[in-house]
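Here is the structure we will look at, set down as structure tokens.
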Amino acid sequence: MLGSTRRSATASVPILPTTPASDTDIGTVGTRAGRVAVNGHATGGAIVLAEPVAPSRLPALLPTAADPSTTLPARSGRPRSALGRVTGTAWTAGLLLMLIVGCAILAPLLAAHSPYAQELGARLSPPAWMPGGTWERPLGADDLGRDVLSRLLYGSRVSLMVGLTAAIIGSLIGTFLGLLAGYAGGLVGDIIMLLADAQLALPFLVLAIGMIAVVGPSLGVLIVLAGVSGWTAYARVTRGLVLGLLEQEFVVAARALGASTPRLLLRHIFPNLLSTVAVLATLQLASVILLESTLSFLGLGVQPPEPSWGSMLGAGREYLNTAWWISVFPGVALMTTILAVSLGGDWLRDVLDPNLRHERT
Amino acid sequence: MFTLWLVVTIVFVALRLSGDPATLLLSDSATAEDVARLRETLGLNQPLPVQYTTFFTRMIFEGDFGQSILRRQPAALVVSERIGATLTLALAAFAISLLVGLPAGIISAVRRNTLLDRVAMLGALLGQVTPGFFLGTVLVLVVGLWLRWLPTSGSATPWHLILPAITLSAYGAASMARLSRSALLEVTRKEYMRTAYAKGLHERTAILRHALRNAAIPIVTVMGIQLGHLLSGAVATEVVFAWPGVGRLAVTSIFQRDYPVVQAVVLMVAGLYVVLNLMVDVLYAWIDPKIRYR
């Protein structure tokens with residue numbers, strides 16, 4: 001998954017982007033500075049300052065009142081060029097994503113049938129355009145006479161929910177451990193990085209299967225496993241960024257002013273990690289959705305009768321010869337979702353954090 | 001080595017956390033005496049550290065992963081009978097992804113922005129986002145059931161290998177093509193390439209002799225990463241094509257509650273993976289003299 005893991009034997013500081021504070025990062029700080037400055041104006045400014053001063057310079061005059069990080073030159077009104085770089089692919093990805101999310105949210109309104117309702121009369125009935133199909137079930141019905149389209153619509157909820165929750169879990173664990181590893185360093189950092197390397201050096205699906213064998217398959221297990229699968233990426237990147245940020249003037253200044261460790265981490269370092277973590281989370285979303293669907297396909301993830309694209313595909317395989325639509329449509333949905341998410345992630349990375357280019361193959 | 005130790009430990013902890021293996025192994029009708037006797041034979045009545053040490057030494061030094069419950073054979077034996085099939089499949093898939101992905105990437109890079117490049121890269125993108133089990137299912141449907149060209153289930157003849165190998169290789173071939181293309185494009189901008197052209201080298205010679213060599217490191221990296229995908233992806237592929245490998249063994253064993261076999265698969269595949277990784281690292285040092293391991 002990660003391009004540079006293999007080199008970890010040579011370089012124990014593996015994928016540290018050499019310019020830790022990218023344009024975006026400084027921009028973020030700048031924006032924060034601008035905001036704090038305005039606050040300063042509102043509270044203390046009215047008394048001390050008779051003549052108008054550019055808001056961005058206020059903190060320098062009021063060092064005690066303002067956040068030390070604001071001594072960075074504020075780049076107020078940084079042009080957000082993000083939208084200017086929207087390409088054709090990005091549009092496609094965005095439209096597809098909107099479609100999929102829309103389906104997930106509006107599933108109860110869009111689905112003509114309950115995803116669980118069985119109707120033996122409609123058993124294995126083909127899609128509407130095939131002989132014997134009706135528009136009542138546009139994509140046909142499965143072996144229990146359940147409407148494939150309705151199950152697809154509800155299945156998008158499972159995929160997205162598992163994906164999002166797992167991506168959030170992974171990013172929380174990973175970012176926290178990465179922060180810890182970068183900030184504390186020493187033995188703690190080494191242990192965390194060793195764990196990350198060890199996990200990366202294993203085929204995760206096989207481990208996941210081992211885990212499920214022990215604790216049994218369920219939605220909760222699935223989410224936790226999918227979440228844990230991705231923490232290493234966040235940890236490695238976060239650690240690299242933190243190591244770089246700790247050298248930055250604004251952090252050194254904050255430290256010199258006696259900022260406590262939690263304050264330093266939360267107010268000064270964490271905000272600078274956000275865009276990177278967001279990009280990583282999007283990129284991870286695709287692989288998490290893939291992991292969920294693979295496990296569900298194997299019967300080890302989402303359990304029937306709950307509709308999930310992976311399990312629908314798996315269950316439909318028995319009827320492949322007579323009713324291909326049960327398997328094929330969930331697969332198409334899955335493929336489209338993964339395509340949209342990874343294209344979106346690639347685009348977001350290019351816009352927000354080009355440094356991450358090497359983080360993914 | 002640390003990785004292996006970690007896996008063994010995780011498996012041990014997970015097994016103990018999941019409750020009493022003795023009750024898990026026995027049927028519901030087992031009496032308390034039965035449970036006690038099984039606990040005795042499994043060594044579960046000993047203190048945890050002792051259990052851990054025996055668990056560990058047995059596994060590493062004696063290759064003893066316990067008995068398969070269903071087959072009444074050592075789990076290690078059951079798994080090693082199947083691991084050959086998985087390796088054959090993985091190796092075939094690896095060869096395909098190399099033979100398809102690398103040329104596709106090189107041609108795309110050399111003929112960049114032509115129709116050929118566009119088509120190849122679109123194909124690579126699709127290959128990367130298609131889940132293996134879906135591709136496999138579609139191949140079974142189209143090639144196996146509709147066209148009836150190739151067998152889709154089992155491993156009786158070499159023909160049986162084709163579809164599973166293609167399925168498993170798709171992701172690898174796709175990422176290989178994309179990566180070798182971008183690695184080559186990166187290299188072509190370098191000064192030594194200009195020198196190579198300037199001294200009148202033919203394009204083919206320049207690319208094969210100078211560019212590819214220098215693009216090799218990222219490509220080998222991806223090859224190494226693919227090993228993981230191959231072993232992970234093999235699970236679903238084996239299930240789709242009823243290929244008698246360890247992945248399918250693990251999945252069926254879960255449903256048959258044959259835990260020692262699952263455990264043996266996990267540990268042996270992890271071990272295999274670590275060894276393969278080591279080989280990739282050695283390959284690195286061989287390709288790029290600048291890399292030296294401490």
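Please note that chains go A, B, ... in the order of the structure tokens, that every chain numbers its residues from 1, and that ligands are numbered from 1 in the order shown.
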
(Q) For a quick test of understanding: name the residues of chain A lying within 9 Å of chain B when counting only C-alpha atoms, and present them as a PyMOL selection string. (A) chain A and resi 1-7+9-10+194-195+197-199+201-207+209-216+286+290+293-295+297-300+310+313-314+317+320-321+324+327-328+330-332+334-339+342+361

Prev. selection, C-alpha atoms, output as a PDB file, in the first residue's frame:
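Saved result, result25.pdb, follows:
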```pdb
ATOM      1  CA  MET A   1       0.000   0.000   0.000  1.00  0.00           C
ATOM      2  CA  LEU A   2       2.697   2.394   0.923  1.00  0.00           C
ATOM      3  CA  GLY A   3       5.385   3.201  -1.539  1.00  0.00           C
ATOM      4  CA  SER A   4       8.236   3.639   0.822  1.00  0.00           C
ATOM      5  CA  THR A   5       7.729   0.950   3.403  1.00  0.00           C
ATOM      6  CA  ARG A   6      10.184  -1.291   1.730  1.00  0.00           C
ATOM      7  CA  ARG A   7      13.023   1.078   2.337  1.00  0.00           C
ATOM      8  CA  ALA A   9      15.516  -1.014   6.555  1.00  0.00           C
ATOM      9  CA  THR A  10      17.773   1.708   5.253  1.00  0.00           C
ATOM     10  CA  LEU A 194       8.163  -0.888  14.946  1.00  0.00           C
ATOM     11  CA  LEU A 195       4.515  -1.873  15.345  1.00  0.00           C
ATOM     12  CA  ASP A 197       6.400  -1.629  10.253  1.00  0.00           C
ATOM     13  CA  ALA A 198       5.398  -5.016  11.567  1.00  0.00           C
ATOM     14  CA  GLN A 199       1.795  -4.554  10.490  1.00  0.00           C
ATOM     15  CA  ALA A 201       5.057  -6.350   6.731  1.00  0.00           C
ATOM     16  CA  LEU A 202       2.030  -8.620   6.915  1.00  0.00           C
ATOM     17  CA  PRO A 203      -0.777  -9.409   4.539  1.00  0.00           C
ATOM     18  CA  PHE A 204      -3.535  -7.754   6.521  1.00  0.00           C
ATOM     19  CA  LEU A 205      -6.420  -9.710   5.057  1.00  0.00           C
ATOM     20  CA  VAL A 206      -4.887 -12.943   6.279  1.00  0.00           C
ATOM     21  CA  LEU A 207      -4.496 -11.497   9.766  1.00  0.00           C
ATOM     22  CA  ILE A 209      -9.264 -13.719   8.737  1.00  0.00           C
ATOM     23  CA  GLY A 210      -7.360 -15.115  11.686  1.00  0.00           C
ATOM     24  CA  MET A 211      -8.995 -12.566  13.976  1.00  0.00           C
ATOM     25  CA  ILE A 212     -12.474 -13.245  12.656  1.00  0.00           C
ATOM     26  CA  ALA A 213     -11.884 -16.955  13.126  1.00  0.00           C
ATOM     27  CA  VAL A 214     -11.371 -16.269  16.796  1.00  0.00           C
ATOM     28  CA  VAL A 215     -13.986 -13.645  17.592  1.00  0.00           C
ATOM     29  CA  GLY A 216     -16.581 -14.490  14.956  1.00  0.00           C
ATOM     30  CA  ALA A 286     -11.105   3.115  -0.996  1.00  0.00           C
ATOM     31  CA  LEU A 290     -12.431  -2.950  -0.543  1.00  0.00           C
ATOM     32  CA  SER A 293     -16.471  -5.993   0.662  1.00  0.00           C
ATOM     33  CA  THR A 294     -13.853  -8.719   0.395  1.00  0.00           C
ATOM     34  CA  LEU A 295     -14.570  -9.968   3.900  1.00  0.00           C
ATOM     35  CA  PHE A 297     -17.880 -11.594   0.036  1.00  0.00           C
ATOM     36  CA  LEU A 298     -16.110 -14.397   1.889  1.00  0.00           C
ATOM     37  CA  GLY A 299     -18.996 -14.494   4.351  1.00  0.00           C
ATOM     38  CA  LEU A 300     -16.803 -13.151   7.123  1.00  0.00           C
ATOM     39  CA  GLY A 310     -19.747  -7.853  -1.025  1.00  0.00           C
ATOM     40  CA  LEU A 313     -21.968 -10.758  -4.770  1.00  0.00           C
ATOM     41  CA  GLY A 314     -20.833 -13.735  -2.757  1.00  0.00           C
ATOM     42  CA  ARG A 317     -22.336 -16.701  -7.157  1.00  0.00           C
ATOM     43  CA  LEU A 320     -24.303 -17.249 -11.622  1.00  0.00           C
ATOM     44  CA  ASN A 321     -25.352 -19.567 -14.395  1.00  0.00           C
ATOM     45  CA  TRP A 324     -25.961 -13.365 -13.246  1.00  0.00           C
ATOM     46  CA  SER A 327     -23.711 -10.856  -8.551  1.00  0.00           C
ATOM     47  CA  VAL A 328     -22.841  -8.469 -11.317  1.00  0.00           C
ATOM     48  CA  PRO A 330     -23.286  -5.206  -6.717  1.00  0.00           C
ATOM     49  CA  GLY A 331     -19.857  -5.646  -8.284  1.00  0.00           C
ATOM     50  CA  VAL A 332     -20.449  -2.744 -10.646  1.00  0.00           C
ATOM     51  CA  LEU A 334     -18.585  -1.507  -5.731  1.00  0.00           C
ATOM     52  CA  MET A 335     -16.225  -0.803  -8.594  1.00  0.00           C
ATOM     53  CA  THR A 336     -17.833   2.557  -9.284  1.00  0.00           C
ATOM     54  CA  THR A 337     -17.611   3.556  -5.646  1.00  0.00           C
ATOM     55  CA  ILE A 338     -13.975   2.587  -5.318  1.00  0.00           C
ATOM     56  CA  LEU A 339     -13.194   4.358  -8.579  1.00  0.00           C
ATOM     57  CA  SER A 342      -9.844   6.940  -5.284  1.00  0.00           C
ATOM     58  CA  THR A 361       1.032   3.494  -5.339  1.00  0.00           C
TER      59      THR A 361
END
```

Q. Hey, which of B:Ser169, B:Gln51, B:Gln256, B:Gln73 ends up closest to Leu91 in chain B? Count only C-alpha atoms.
A.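 Looking at the shortest contact to Leu91 in chain B, the residue is B:Ser169.
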
Q: Please give the complete set of residues from range 131-264 of chain A that DSSP, run on the backbone, assigns to helix (DSSP H, G or I), formatted as a count of residues only.
A: 102

(Q) List the spatial neighbours of range 267-269 of chain A as a list in words - criterion: any atom at most 7 Å away, only C-alpha atoms, same-chain residues fewer than 4 positions off excluded. (A)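 Selected residues are Ser69, Val242, Leu245, Val251, Arg263 and Leu273 of chain A.
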
Q: Please provide as a count of residues only all residues within 12 Å of range 92-105 of chain A, with the sequence filter that same-chain residues fewer than 6 positions apart are discarded (counting only C-alpha atoms).
A: 35

Close residues, Ile83 in chain B itself excluded, 10 Å, only C-alpha atoms, min 5 positions apart in chain, as a JSON list (two decimals) with C-alpha atoms, in the first residue's frame:
```json
[["chain", "number", "residue", "atom", "x", "y", "z"],
["B", 77, "LEU", "CA", 0.57, -30.87, 7.42],
["B", 78, "VAL", "CA", -2.88, -29.89, 6.21],
["B", 88, "THR", "CA", 1.73, -21.70, -7.98],
["B", 89, "LEU", "CA", -1.19, -19.33, -8.34],
["B", 244, "PRO", "CA", -7.31, -25.70, -3.51],
["B", 245, "GLY", "CA", -4.93, -23.25, -1.83],
["B", 246, "VAL", "CA", -4.44, -22.08, 1.72],
["B", 247, "GLY", "CA", -6.72, -19.06, 1.39],
["B", 249, "LEU", "CA", -8.61, -23.61, 3.27],
["B", 265, "VAL", "CA", -2.53, -20.73, 7.75],
["B", 268, "MET", "CA", 2.62, -19.84, 7.84],
["B", 269, "VAL", "CA", 1.49, -17.19, 5.38]]
```

Q. In Å, how far is it from CA of Ala128 in chain A to CA of Trp325 in chain A?
A.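 About the pair CA of Ala128 in chain A and CA of Trp325 in chain A: they are 11.0 Å apart.
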
Q: Write out as a PyMOL selection string each polymer residue whose atoms come within 8 Å of Pro260 in chain B, counting only C-alpha atoms; drop sequence neighbours fewer than 6 positions from it.
A: chain B and resi 65-69+75

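Across the structure, CA of Met279 in chain B and CA of Ala215 in chain B are spaced 19.3 Å apart.
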
Q: Take CA of Ala323 in chain A and CA of Pro126 in chain A and report the distance between them in Å, one decimal.
A: 7.0 Å

**Q.** Who sits within 7 Å of range 93-102 of chain B, only C-alpha atoms, same chain under 6 positions skipped, as a list in words
**A.**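 Surrounding residues, per the criterion: Ala165, Ile166, Leu168, Ser169, Ala170, Gly172, Ala173, Ala174, Met176, Ala177 and Ser180 of chain B.
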
Go ahead and save the picked residues with C-alpha atoms, as a short mmCIF file (atom, residue, chain, number, x, y, z; two decimals), in the first residue's frame.
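again.cif, written as the output of this step:
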```cif
data_model
loop_
_atom_site.label_atom_id
_atom_site.label_comp_id
_atom_site.auth_asym_id
_atom_site.auth_seq_id
_atom_site.Cartn_x
_atom_site.Cartn_y
_atom_site.Cartn_z
CA ALA B 165 -3.99 -16.23 -12.38
CA ILE B 166 -5.40 -13.47 -14.59
CA LEU B 168 -5.09 -12.29 -9.23
CA SER B 169 -2.66 -10.50 -11.50
CA ALA B 170 -5.00 -7.68 -12.54
CA GLY B 172 -0.60 -5.96 -9.80
CA ALA B 173 -0.39 -5.50 -13.55
CA ALA B 174 -2.38 -2.28 -13.28
CA MET B 176 2.89 -1.95 -12.24
CA ALA B 177 1.88 -0.28 -15.49
CA SER B 180 6.60 2.04 -14.38
#
```
